[in-house]
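Chemist: My file is model_1.txt. It has compact mmCIF, C-alpha atoms:
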# COMPACT_ATOMS: atom_id res chain seq x y z
CA MET A 1 49.42 -45.77 31.65
CA VAL A 2 48.20 -48.18 34.30
CA VAL A 3 51.13 -47.30 36.55
CA GLY A 4 50.41 -43.59 36.22
CA ALA A 5 46.73 -44.02 37.12
CA HIS A 6 47.60 -46.04 40.19
CA VAL A 7 50.12 -43.50 41.40
CA CYS A 8 47.70 -40.57 41.03
CA GLY A 9 45.30 -42.30 43.36
CA THR A 10 48.07 -42.71 45.94
CA GLU A 11 49.02 -39.05 45.75
CA GLY A 12 45.40 -38.00 46.37
CA ASP A 13 45.21 -40.12 49.51
CA VAL A 14 48.39 -38.58 50.86
CA SER A 15 47.16 -35.03 50.26
CA ASP A 16 43.94 -35.67 52.20
CA ASP A 17 45.83 -37.01 55.19
CA ASP A 18 48.52 -34.32 55.25
CA ALA A 19 46.73 -31.13 54.20
CA GLY A 20 48.68 -28.07 55.34
CA THR A 21 51.95 -29.94 56.01
CA PRO A 22 54.99 -28.12 54.51
CA LEU A 23 56.76 -29.96 51.69
CA GLY A 24 59.12 -32.45 53.25
CA GLY A 25 58.02 -31.51 56.80
CA LEU A 26 56.45 -33.63 59.59
CA ALA A 27 53.10 -33.06 61.25
CA PRO A 28 53.39 -32.71 65.03
CA GLY A 29 52.22 -35.42 67.36
CA ALA A 30 52.59 -39.16 67.60
CA GLY A 31 53.59 -39.49 63.96
CA ALA A 32 56.87 -37.65 64.56
CA SER A 33 58.66 -40.77 65.78
CA ALA A 34 60.71 -42.89 63.35
CA THR A 35 58.14 -45.63 63.61
CA GLY A 36 55.03 -43.45 63.55
CA ASP A 37 52.38 -42.85 60.90
CA GLY A 38 54.00 -39.56 59.83
CA LEU A 39 57.04 -41.30 58.36
CA ARG A 40 54.83 -43.71 56.50
CA ARG A 41 52.77 -40.82 55.10
CA ARG A 42 55.95 -38.98 54.06
CA ARG A 43 57.26 -42.06 52.25
CA ARG A 44 53.91 -42.48 50.51
CA ARG A 45 53.98 -38.83 49.46
CA ARG A 46 57.51 -39.05 48.03
CA LEU A 47 56.78 -42.32 46.30
CA GLY A 48 53.66 -40.78 44.86
CA ARG A 49 55.57 -37.84 43.39
CA TRP A 50 58.29 -40.10 41.99
CA GLY A 51 55.62 -42.41 40.65
CA ILE A 52 53.91 -39.59 38.77
CA ALA A 53 57.25 -38.56 37.26
CA VAL A 54 57.99 -42.12 36.22
CA GLY A 55 54.48 -42.46 34.83
CA VAL A 56 54.85 -39.31 32.73
CA LEU A 57 58.24 -40.44 31.45
CA ALA A 58 56.86 -43.87 30.66
CA VAL A 59 53.98 -42.37 28.68
CA GLY A 60 56.42 -40.10 26.83
CA ALA A 61 58.79 -42.98 26.12
CA ALA A 62 55.90 -45.11 24.91
CA GLY A 63 54.82 -42.34 22.55
CA ALA A 64 58.34 -41.91 21.21
CA GLY A 65 58.72 -45.67 20.95
CA TRP A 66 55.51 -45.92 18.96
CA ALA A 67 56.67 -43.15 16.63
CA VAL A 68 59.96 -44.96 16.03
CA TYR A 69 58.16 -48.27 15.52
CA ALA A 70 55.70 -46.72 13.08
CA LYS A 71 58.51 -45.09 11.08
CA LEU A 72 60.56 -48.27 10.79
CA ASP A 73 57.49 -50.38 10.10
CA GLY A 74 56.43 -47.98 7.36
CA ASN A 75 59.85 -48.14 5.69
CA ILE A 76 59.29 -51.70 4.47
CA THR A 77 57.50 -52.36 1.17
CA ALA A 78 55.38 -55.51 0.96
CA ASP A 79 55.76 -57.43 -2.30
CA GLU A 80 52.07 -58.14 -2.75
CA ALA A 81 52.39 -58.82 -6.50
CA ALA A 82 54.90 -61.61 -5.90
CA ALA A 83 52.69 -63.11 -3.18
CA ALA A 84 49.73 -63.23 -5.55
CA GLU A 85 51.81 -64.81 -8.34
CA LEU A 86 53.26 -67.44 -6.01
CA ALA A 87 49.80 -68.27 -4.69
CA ARG A 88 48.73 -68.93 -8.29
CA TYR A 89 51.40 -71.66 -8.58
CA ASP A 90 51.33 -72.92 -5.00
CA LYS A 91 50.49 -76.52 -5.97
CA GLU A 92 53.62 -76.68 -8.14
CA ARG A 93 55.97 -75.45 -5.44
CA PRO A 94 58.12 -77.82 -3.32
CA THR A 95 56.98 -78.94 0.11
CA ALA A 96 58.90 -77.79 3.19
CA LEU A 97 60.40 -80.91 4.78
CA VAL A 98 61.71 -79.72 8.17
CA ARG A 99 59.60 -77.72 10.57
CA GLY A 100 61.37 -74.64 11.89
CA ALA A 101 64.03 -74.48 9.19
CA GLN A 102 63.85 -71.32 7.07
CA ASN A 103 64.96 -70.68 3.49
CA ILE A 104 65.14 -67.07 2.36
CA LEU A 105 66.06 -65.67 -1.04
CA LEU A 106 68.14 -62.48 -0.79
CA ILE A 107 68.12 -60.44 -4.00
CA GLY A 108 70.34 -57.46 -4.69
CA SER A 109 68.59 -55.46 -7.38
CA ASP A 110 70.53 -53.38 -9.90
CA SER A 111 67.53 -51.13 -10.51
CA ARG A 112 68.45 -47.58 -11.55
CA SER A 113 65.05 -46.21 -10.57
CA GLY A 114 64.48 -44.49 -7.23
CA ASP A 115 66.37 -41.80 -5.34
CA GLY A 116 70.12 -41.90 -5.87
CA ASN A 117 70.22 -45.00 -8.07
CA ALA A 118 70.34 -43.23 -11.46
CA ARG A 119 74.04 -42.45 -10.99
CA TYR A 120 74.81 -46.16 -11.52
CA GLY A 121 73.41 -46.21 -15.06
CA ARG A 122 70.44 -45.38 -17.25
CA ASP A 123 67.02 -46.43 -15.99
CA SER A 124 65.75 -48.73 -18.75
CA GLY A 125 62.55 -49.57 -16.90
CA THR A 126 63.79 -53.08 -16.10
CA GLU A 127 66.03 -54.48 -13.41
CA ARG A 128 68.17 -57.56 -12.93
CA SER A 129 69.33 -59.55 -9.94
CA ASP A 130 72.84 -58.22 -9.50
CA THR A 131 73.34 -60.64 -6.59
CA THR A 132 71.21 -63.58 -5.43
CA ILE A 133 71.83 -65.60 -2.27
CA LEU A 134 69.89 -68.55 -0.89
CA LEU A 135 70.06 -68.28 2.91
CA HIS A 136 69.29 -71.43 4.91
CA LEU A 137 68.66 -71.13 8.65
CA ALA A 138 68.84 -74.42 10.53
CA ALA A 139 65.75 -75.37 12.53
CA ASP A 140 67.74 -75.26 15.79
CA ARG A 141 69.23 -71.88 14.74
CA ASP A 142 72.69 -73.32 15.31
CA SER A 143 73.91 -72.39 11.83
CA ALA A 144 73.23 -70.18 8.82
CA THR A 145 74.37 -71.10 5.32
CA ALA A 146 74.40 -68.55 2.49
CA VAL A 147 74.71 -69.97 -1.01
CA SER A 148 75.52 -67.60 -3.89
CA LEU A 149 73.73 -68.31 -7.17
CA PRO A 150 75.69 -67.01 -10.19
CA ARG A 151 73.70 -64.64 -12.38
CA ASP A 152 75.18 -66.36 -15.48
CA LEU A 153 74.08 -69.85 -14.37
CA MET A 154 72.07 -71.55 -17.13
CA VAL A 155 68.72 -72.70 -15.72
CA ASP A 156 65.15 -73.55 -16.68
CA VAL A 157 63.08 -70.40 -16.19
CA PRO A 158 59.32 -71.11 -16.02
CA GLY A 159 56.69 -69.03 -17.76
CA CYS A 160 56.32 -65.87 -15.66
CA ARG A 161 54.11 -62.80 -15.41
CA ARG A 162 55.68 -59.60 -16.70
CA PRO A 163 55.04 -56.25 -14.97
CA ASP A 164 52.61 -55.30 -17.76
CA GLY A 165 50.51 -58.42 -17.13
CA SER A 166 51.66 -60.43 -20.16
CA ARG A 167 53.34 -63.80 -19.70
CA THR A 168 56.61 -65.22 -20.92
CA ALA A 169 57.13 -68.72 -22.27
CA PRO A 170 59.33 -71.22 -20.35
CA VAL A 171 62.94 -70.90 -21.50
CA PHE A 172 66.44 -72.20 -20.77
CA ALA A 173 68.38 -69.02 -20.01
CA GLN A 174 70.73 -67.23 -17.65
CA PHE A 175 69.47 -67.11 -14.09
CA ASN A 176 69.21 -63.30 -13.87
CA TYR A 177 66.81 -63.35 -16.83
CA ALA A 178 64.13 -64.59 -14.41
CA TYR A 179 64.25 -61.42 -12.32
CA GLU A 180 64.49 -59.18 -15.38
CA VAL A 181 61.26 -60.47 -16.93
CA GLY A 182 59.24 -61.57 -13.91
CA GLY A 183 60.68 -59.97 -10.78
CA SER A 184 61.04 -61.72 -7.44
CA ALA A 185 58.22 -64.24 -8.02
CA CYS A 186 59.90 -65.52 -11.18
CA SER A 187 63.28 -65.75 -9.41
CA ILE A 188 61.69 -67.67 -6.54
CA ARG A 189 59.98 -70.16 -8.84
CA THR A 190 63.23 -70.60 -10.80
CA VAL A 191 65.25 -71.28 -7.65
CA GLU A 192 62.65 -73.70 -6.32
CA LYS A 193 62.64 -75.58 -9.65
CA LEU A 194 66.44 -75.69 -9.64
CA THR A 195 66.92 -76.78 -6.02
CA GLY A 196 63.70 -78.47 -4.90
CA ILE A 197 63.83 -76.22 -1.82
CA ARG A 198 60.70 -74.40 -0.65
CA LEU A 199 61.46 -70.72 -0.10
CA ASP A 200 59.73 -69.28 2.96
CA HIS A 201 60.61 -65.62 2.45
CA HIS A 202 62.38 -63.23 0.12
CA VAL A 203 64.10 -59.88 0.55
CA VAL A 204 65.02 -57.41 -2.20
CA VAL A 205 67.44 -54.54 -1.50
CA ASP A 206 68.67 -51.90 -3.94
CA PHE A 207 71.94 -49.94 -4.17
CA GLN A 208 70.83 -47.16 -1.83
CA GLY A 209 69.67 -49.59 0.85
CA PHE A 210 73.01 -51.39 0.80
CA LYS A 211 74.97 -48.15 1.10
CA LYS A 212 72.81 -46.83 3.94
CA LEU A 213 73.25 -50.04 5.91
CA VAL A 214 77.06 -49.93 5.65
CA ASP A 215 77.15 -46.24 6.61
CA ALA A 216 74.84 -46.88 9.59
CA LEU A 217 77.42 -49.38 10.86
CA ASP A 218 80.17 -46.74 10.49
CA GLY A 219 81.73 -48.78 7.70
CA VAL A 220 82.88 -52.38 7.32
CA GLU A 221 86.51 -53.48 7.39
CA VAL A 222 87.93 -55.57 4.55
CA CYS A 223 91.43 -56.72 3.61
CA LEU A 224 92.94 -55.77 0.26
CA ARG A 225 95.88 -57.79 -1.02
CA ARG A 226 96.93 -54.94 -3.31
CA PRO A 227 96.00 -51.27 -3.75
CA ILE A 228 92.93 -50.40 -5.82
CA ASP A 229 92.78 -47.47 -8.20
CA ASP A 230 89.69 -48.04 -10.31
CA GLU A 231 87.85 -45.14 -11.93
CA ASP A 232 84.88 -47.25 -13.06
CA ALA A 233 84.30 -48.65 -9.57
CA GLN A 234 85.05 -45.20 -8.03
CA LEU A 235 87.60 -46.83 -5.75
CA LYS A 236 91.05 -45.67 -4.71
CA LEU A 237 92.22 -47.64 -1.70
CA PRO A 238 95.51 -48.78 -0.15
CA ALA A 239 96.46 -52.41 0.45
CA GLY A 240 95.82 -54.01 3.84
CA ARG A 241 92.97 -53.49 6.28
CA VAL A 242 90.59 -50.81 5.06
CA THR A 243 87.23 -49.66 6.42
CA LEU A 244 84.84 -49.08 3.53
CA ASP A 245 81.97 -46.62 3.68
CA GLY A 246 78.72 -47.32 1.86
CA GLU A 247 79.76 -45.94 -1.53
CA GLN A 248 83.12 -47.71 -1.44
CA ALA A 249 81.53 -50.97 -0.31
CA LEU A 250 79.06 -50.87 -3.20
CA GLY A 251 81.88 -50.43 -5.71
CA TYR A 252 83.88 -53.20 -4.01
CA VAL A 253 81.15 -55.85 -4.14
CA ARG A 254 79.81 -54.92 -7.60
CA ALA A 255 83.06 -54.54 -9.56
CA ARG A 256 83.60 -57.45 -11.90
CA LYS A 257 86.02 -56.73 -14.72
CA SER A 258 88.33 -54.36 -12.89
CA LEU A 259 89.08 -56.21 -9.64
CA GLY A 260 90.66 -59.62 -9.15
CA ASP A 261 90.73 -61.86 -12.21
CA GLY A 262 87.68 -60.21 -13.74
CA SER A 263 85.44 -63.25 -13.29
CA ASP A 264 82.06 -63.55 -11.61
CA THR A 265 83.69 -66.19 -9.40
CA ASP A 266 86.05 -63.61 -7.94
CA ARG A 267 83.20 -61.11 -7.53
CA MET A 268 81.04 -63.59 -5.59
CA ASP A 269 83.99 -64.48 -3.38
CA ARG A 270 84.42 -60.78 -2.55
CA GLN A 271 80.70 -60.46 -1.82
CA GLN A 272 80.79 -63.43 0.54
CA ARG A 273 83.83 -62.14 2.38
CA PHE A 274 82.24 -58.72 2.69
CA LEU A 275 79.02 -60.18 4.09
CA GLY A 276 81.07 -62.20 6.56
CA ALA A 277 82.84 -59.02 7.67
CA LEU A 278 79.49 -57.25 7.98
CA VAL A 279 78.08 -60.02 10.20
CA HIS A 280 81.23 -59.89 12.32
CA LYS A 281 80.88 -56.10 12.68
CA VAL A 282 77.27 -56.34 13.82
CA GLN A 283 78.04 -59.02 16.40
CA SER A 284 81.30 -57.56 17.71
CA ASN A 285 79.78 -54.10 18.24
CA ASP A 286 76.75 -55.47 20.12
CA VAL A 287 74.52 -53.63 17.67
CA LEU A 288 71.58 -55.95 18.27
CA LEU A 289 71.69 -55.29 22.03
CA ASN A 290 72.23 -51.52 21.97
CA PRO A 291 69.14 -49.44 21.02
CA VAL A 292 71.26 -46.37 20.26
CA LYS A 293 73.31 -48.35 17.72
CA LEU A 294 70.41 -50.48 16.56
CA TYR A 295 67.99 -47.73 15.48
CA PRO A 296 70.08 -46.22 12.65
CA VAL A 297 70.92 -49.73 11.43
CA LEU A 298 67.25 -50.72 11.41
CA ASP A 299 66.28 -47.46 9.73
CA ALA A 300 68.88 -48.01 7.02
CA ALA A 301 68.12 -51.69 6.63
CA THR A 302 64.37 -51.15 6.22
CA SER A 303 64.33 -47.94 4.17
CA SER A 304 65.09 -49.63 0.82
CA LEU A 305 63.68 -53.06 1.57
CA THR A 306 60.99 -54.99 -0.29
CA THR A 307 59.92 -58.29 1.25
CA ASP A 308 57.15 -60.83 1.12
CA PRO A 309 54.12 -59.77 3.23
CA GLY A 310 55.16 -62.13 6.02
CA LEU A 311 58.36 -60.15 6.61
CA ALA A 312 57.03 -56.70 5.71
CA SER A 313 56.80 -55.49 9.31
CA LEU A 314 59.14 -54.99 12.23
CA ARG A 315 57.43 -57.88 13.97
CA GLY A 316 58.11 -60.18 11.03
CA LEU A 317 61.74 -59.11 10.79
CA TYR A 318 62.20 -59.34 14.55
CA ASP A 319 60.91 -62.89 14.64
CA LEU A 320 63.43 -63.77 11.94
CA VAL A 321 66.41 -61.93 13.42
CA ARG A 322 65.74 -63.05 16.99
CA GLY A 323 66.87 -66.57 16.18
CA LEU A 324 70.07 -65.38 14.51
CA ARG A 325 71.61 -63.53 17.45
CA GLY A 326 72.97 -66.66 19.08
CA ILE A 327 74.60 -68.20 15.99
CA PRO A 328 78.39 -68.07 16.45
CA THR A 329 80.27 -66.45 13.56
CA GLU A 330 82.08 -69.71 12.78
CA ARG A 331 78.66 -71.23 12.04
CA VAL A 332 77.69 -68.45 9.61
CA GLN A 333 78.90 -69.93 6.33
CA PHE A 334 79.22 -68.62 2.78
CA LEU A 335 79.69 -70.68 -0.36
CA THR A 336 78.87 -70.67 -4.07
CA VAL A 337 76.73 -73.38 -5.61
CA PRO A 338 79.04 -75.96 -7.28
CA ARG A 339 79.29 -74.98 -10.92
CA GLU A 340 81.58 -74.98 -13.93
CA ALA A 341 81.77 -73.42 -17.39
CA TYR A 342 78.68 -74.15 -19.47
CA ALA A 343 79.38 -76.57 -22.31
CA GLY A 344 77.66 -74.32 -24.86
CA ASP A 345 79.35 -71.05 -23.83
CA VAL A 346 82.42 -70.69 -21.61
CA ASN A 347 81.10 -67.30 -20.48
CA ARG A 348 78.10 -69.00 -18.83
CA ASP A 349 77.88 -71.49 -15.94
CA GLN A 350 76.25 -74.85 -15.34
CA LEU A 351 75.86 -76.92 -12.18
CA VAL A 352 78.45 -79.52 -11.26
CA GLU A 353 76.69 -82.79 -10.48
CA PRO A 354 76.32 -84.67 -8.26
CA ASP A 355 77.87 -81.98 -6.00
CA ALA A 356 75.07 -79.45 -6.50
CA GLU A 357 72.30 -81.95 -5.81
CA ARG A 358 74.17 -83.15 -2.73
CA LEU A 359 74.18 -79.56 -1.43
CA PHE A 360 70.51 -78.98 -2.24
CA THR A 361 69.50 -82.26 -0.59
CA ARG A 362 71.27 -81.36 2.64
CA LEU A 363 69.63 -77.94 2.72
CA ARG A 364 66.19 -79.45 1.99
CA THR A 365 66.56 -81.92 4.84
CA ASP A 366 68.30 -79.47 7.19
CA GLU A 367 71.46 -81.58 7.38
CA PRO A 368 74.78 -79.90 8.26
CA VAL A 369 76.92 -78.37 5.54
CA ALA A 370 80.59 -77.55 6.06
CA VAL A 371 82.84 -75.14 4.16
CA GLY A 372 86.48 -75.74 3.40
CA ALA A 373 89.48 -73.99 4.90
CA ALA A 374 91.08 -71.07 3.06
CA GLU A 375 93.60 -73.23 1.20
CA GLU A 376 90.81 -75.49 -0.08
CA ARG A 377 89.14 -72.63 -1.94
CA GLU A 378 91.70 -72.97 -4.71
CA LYS A 379 90.04 -76.24 -5.79
CA PRO A 380 87.90 -76.32 -8.97
CA ALA A 381 84.49 -74.68 -8.75
CA GLY A 382 82.80 -78.05 -8.07
CA GLY A 383 84.37 -77.86 -4.66
CA ALA A 384 82.58 -80.58 -2.68
CA ARG A 385 84.38 -83.55 -1.20
CA GLU A 386 83.05 -86.42 0.86
CA PRO A 387 84.42 -86.83 4.37
CA GLY A 388 87.15 -89.32 5.11
CA ALA A 389 88.28 -90.93 8.35
CA GLY A 390 88.12 -88.56 11.28
CA GLU A 391 86.41 -85.81 9.28
CA SER A 392 83.06 -84.10 9.78
CA PRO A 393 80.06 -86.21 8.70
CA ALA A 394 79.00 -83.34 6.44
CA PRO A 395 80.44 -83.00 2.93
CA THR A 396 82.71 -79.97 2.66
CA PHE A 397 82.19 -77.26 0.07
CA SER A 398 84.53 -74.49 -0.95
CA GLY A 399 83.67 -71.39 1.06
CA ASN A 400 84.36 -69.35 4.17
CA THR A 401 82.80 -68.32 7.48
CA ALA A 402 82.13 -65.00 9.16
CA ALA A 403 84.71 -65.90 11.82
CA GLU A 404 87.67 -66.05 9.44
CA ASP A 405 90.29 -63.33 9.68
CA ILE A 406 89.69 -60.99 6.75
CA CYS A 407 93.46 -60.87 6.13
CA GLY A 408 93.94 -64.57 6.69
Would you mind giving the structure from this file in structure tokens?
Modeler:
Amino acid sequence: MVVGAHVCGTEGDVSDDDAGTPLGGLAPGAGASATGDGLRRRRRRRLGRWGIAVGVLAVGAAGAGWAVYAKLDGNITADEAAAAELARYDKERPTALVRGAQNILLIGSDSRSGDGNARYGRDSGTERSDTTILLHLAADRDSATAVSLPRDLMVDVPGCRRPDGSRTAPVFAQFNYAYEVGGSACSIRTVEKLTGIRLDHHVVVDFQGFKKLVDALDGVEVCLRRPIDDEDAQLKLPAGRVTLDGEQALGYVRARKSLGDGSDTDRMDRQQRFLGALVHKVQSNDVLLNPVKLYPVLDAATSSLTTDPGLASLRGLYDLVRGLRGIPTERVQFLTVPREAYAGDVNRDQLVEPDAERLFTRLRTDEPVAVGAAEEREKPAGGAREPGAGESPAPTFSGNTAAEDICG
């Protein structure tokens, strides 16, 4: 707007000096020489016209940009209820130990409510955390570590506020019970009690949001060791490298009993590998640097997103994502919290100690965490080993990185 106003003033000056001069012509007299005043006036006149055009385009682009910003910003739902509940228990929550480090809880909700989600089952009025990942971003933004938390992990769930306002009693139960009875605030308090890590933000995405994101990226490539023909998961795919669309990707990461060995361990491994492939796709296609590619991805990513108020705006998300662009894919790591079969029920999990506490301590203090090579993932679920001579100073946990070949 300022540029346009300045240019209009210039054009008015030129018109006063050159009244009656044909467009593009020269007034007779001294100004006709290449070094005379006429050439300077002609340049001013042309610059003025170009300036007005640029000013109009700039105003139009700004208007369109604001419309796009407003749409994307309005897509995001702020989780005000969780913020109020967490504020109620703020004195009980852990203290953040390292300035600049960020810990974010990513929750994949299996809610059947909302547009398009009913096809995945009956809407019972409740929802569970189908997938939960603790994402740690190092203070220097040199690494990102995503830790899967099994939904069947036995944990201490604190007393939480139900959606109807009533409160539950503290209980030792499966981890996904926390989200079912108390939503994101209850999950956050449970994770903080389990790990001692202060969570700075949380993000909840449902089935539709996940599918839209994958489709906006034109699919994500995975590697299948054998063909899949699964009616329940709605998947029929050949072996080898396959690009999954949103619907296929959802079936791939959610299937539990029909793919692999039928365990939650296998399912989480697939989820981690898929997320690694997704990160690789975003970085390799320069999505973050190309507005034409970035807009549909942002639209998809925000349209089914619920976050804490601090992230519930494009500005909040931008500040978070800005620091992630420079992390190399080999420093984007995925692992599952060290766990084993629960002593009271082999169909449930419990933490493996001291491995789990060693992992949580390193995340709390922003110390490096390393993941093992592909062949090391066949170790027991505990997975952590201390370094020996010539090894990294960080203990190594069973996992993978976004840089690994999907067919490796």
Chemist: Give me the residues within 12 Å of Arg167 of chain A as a PDB file with C-alpha atoms, keeping the file's coordinate frame, counting all atoms listed in the file and dropping any in the same chain fewer than 3 places off.
Modeler:
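out_6.pdb, written as the output of this step:
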ATOM      1  CA  GLU A  85      51.810 -64.810  -8.340  1.00  0.00           C
ATOM      2  CA  PRO A 158      59.320 -71.110 -16.020  1.00  0.00           C
ATOM      3  CA  GLY A 159      56.690 -69.030 -17.760  1.00  0.00           C
ATOM      4  CA  CYS A 160      56.320 -65.870 -15.660  1.00  0.00           C
ATOM      5  CA  ARG A 161      54.110 -62.800 -15.410  1.00  0.00           C
ATOM      6  CA  ARG A 162      55.680 -59.600 -16.700  1.00  0.00           C
ATOM      7  CA  PRO A 163      55.040 -56.250 -14.970  1.00  0.00           C
ATOM      8  CA  ASP A 164      52.610 -55.300 -17.760  1.00  0.00           C
ATOM      9  CA  PRO A 170      59.330 -71.220 -20.350  1.00  0.00           C
ATOM     10  CA  VAL A 181      61.260 -60.470 -16.930  1.00  0.00           C
ATOM     11  CA  GLY A 182      59.240 -61.570 -13.910  1.00  0.00           C
ATOM     12  CA  CYS A 186      59.900 -65.520 -11.180  1.00  0.00           C
TER      13      CYS A 186
END
Chemist: Interatomic distance between atom CA of Gln350 of chain A and atom CA of Tyr252 of chain A?
Modeler: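 Computing the Euclidean distance for atom CA of Gln350 of chain A and atom CA of Tyr252 of chain A yields 25.6 Å.
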Chemist: Report the distance between atom CA of Gly323 of chain A and atom CA of His201 of chain A in Å, rounded to one decimal place.
Modeler: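 Interatomic distance, atom CA of Gly323 of chain A to atom CA of His201 of chain A: 15.1 Å.
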Chemist: Would you mind reading off the distance between atom CA of Val155 of chain A and atom CA of Leu97 of chain A, one decimal, in Å?
Modeler: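 Going from atom CA of Val155 of chain A over to atom CA of Leu97 of chain A covers 23.6 Å.
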Chemist: Using only C-alpha atoms, which of the listed residues (A:Arg151, A:Arg225, A:Arg189, A:Lys211) sits closest to Arg267 of chain A?
Modeler: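 Distance minimum relative to Arg267 of chain A lands on A:Arg151.
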Chemist: Which is closest to Leu86 of chain A among A:Asp245, A:Asp229, A:Glu180, A:Asp308, if we use all atoms listed in the file?
Modeler: A:Asp308
Chemist: Nearest to Gln271 of chain A among A:Asp130, A:Leu351, A:Thr95, A:Asp232, with distances taken over all atoms listed in the file: which residue is it?
Modeler: A:Asp130
Chemist: Identify the residues within 10 Å of coordinate (63.6, -70.3, -15.3) (same frame as the file), considering all atoms listed in the file, and give the answer as a PyMOL selection string.
Modeler: chain A and resi 154-160+169-179+182+186-194
Chemist: Compare A:Asn400, A:Gln283, A:Thr77, A:Gln272 by their minimum atom-to-atom distance to Leu311 of chain A, counting all atoms listed in the file, and give me the closest one.
Modeler: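 Closest to Leu311 of chain A of all the choices is A:Thr77.
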Chemist: Mind checking which residues fall within 9 Å of segment 203-207 of chain A, counting all atoms listed in the file, ignoring those fewer than 2 positions away in the same chain, and posting them as a PyMOL selection string?
Modeler: chain A and resi 104-112+116-117+120+184+201+209-212+250+301-302+304-308+311
Chemist: Between A:Leu235, A:Leu149, A:Ala402, A:Ala70, which one has atoms that come closest to Gly276 of chain A, using all atoms listed in the file?
Modeler: A:Ala402
Chemist: Could you check which of A:Ala277, A:Leu314, A:Val369, A:Leu289 is closest to Thr329 of chain A, using only C-alpha atoms?
Modeler: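 Looking only at the distances to Thr329 of chain A, the closest residue turns out to be A:Ala277.
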Chemist: May I have the protein, DNA and RNA residues with any atom at most 8 Å from the point (73.5, -70.3, -5.2), counting all atoms listed in the file, written as a VMD selection string?
Modeler: chain A and resid 132 to 134 146 to 150 335 to 337
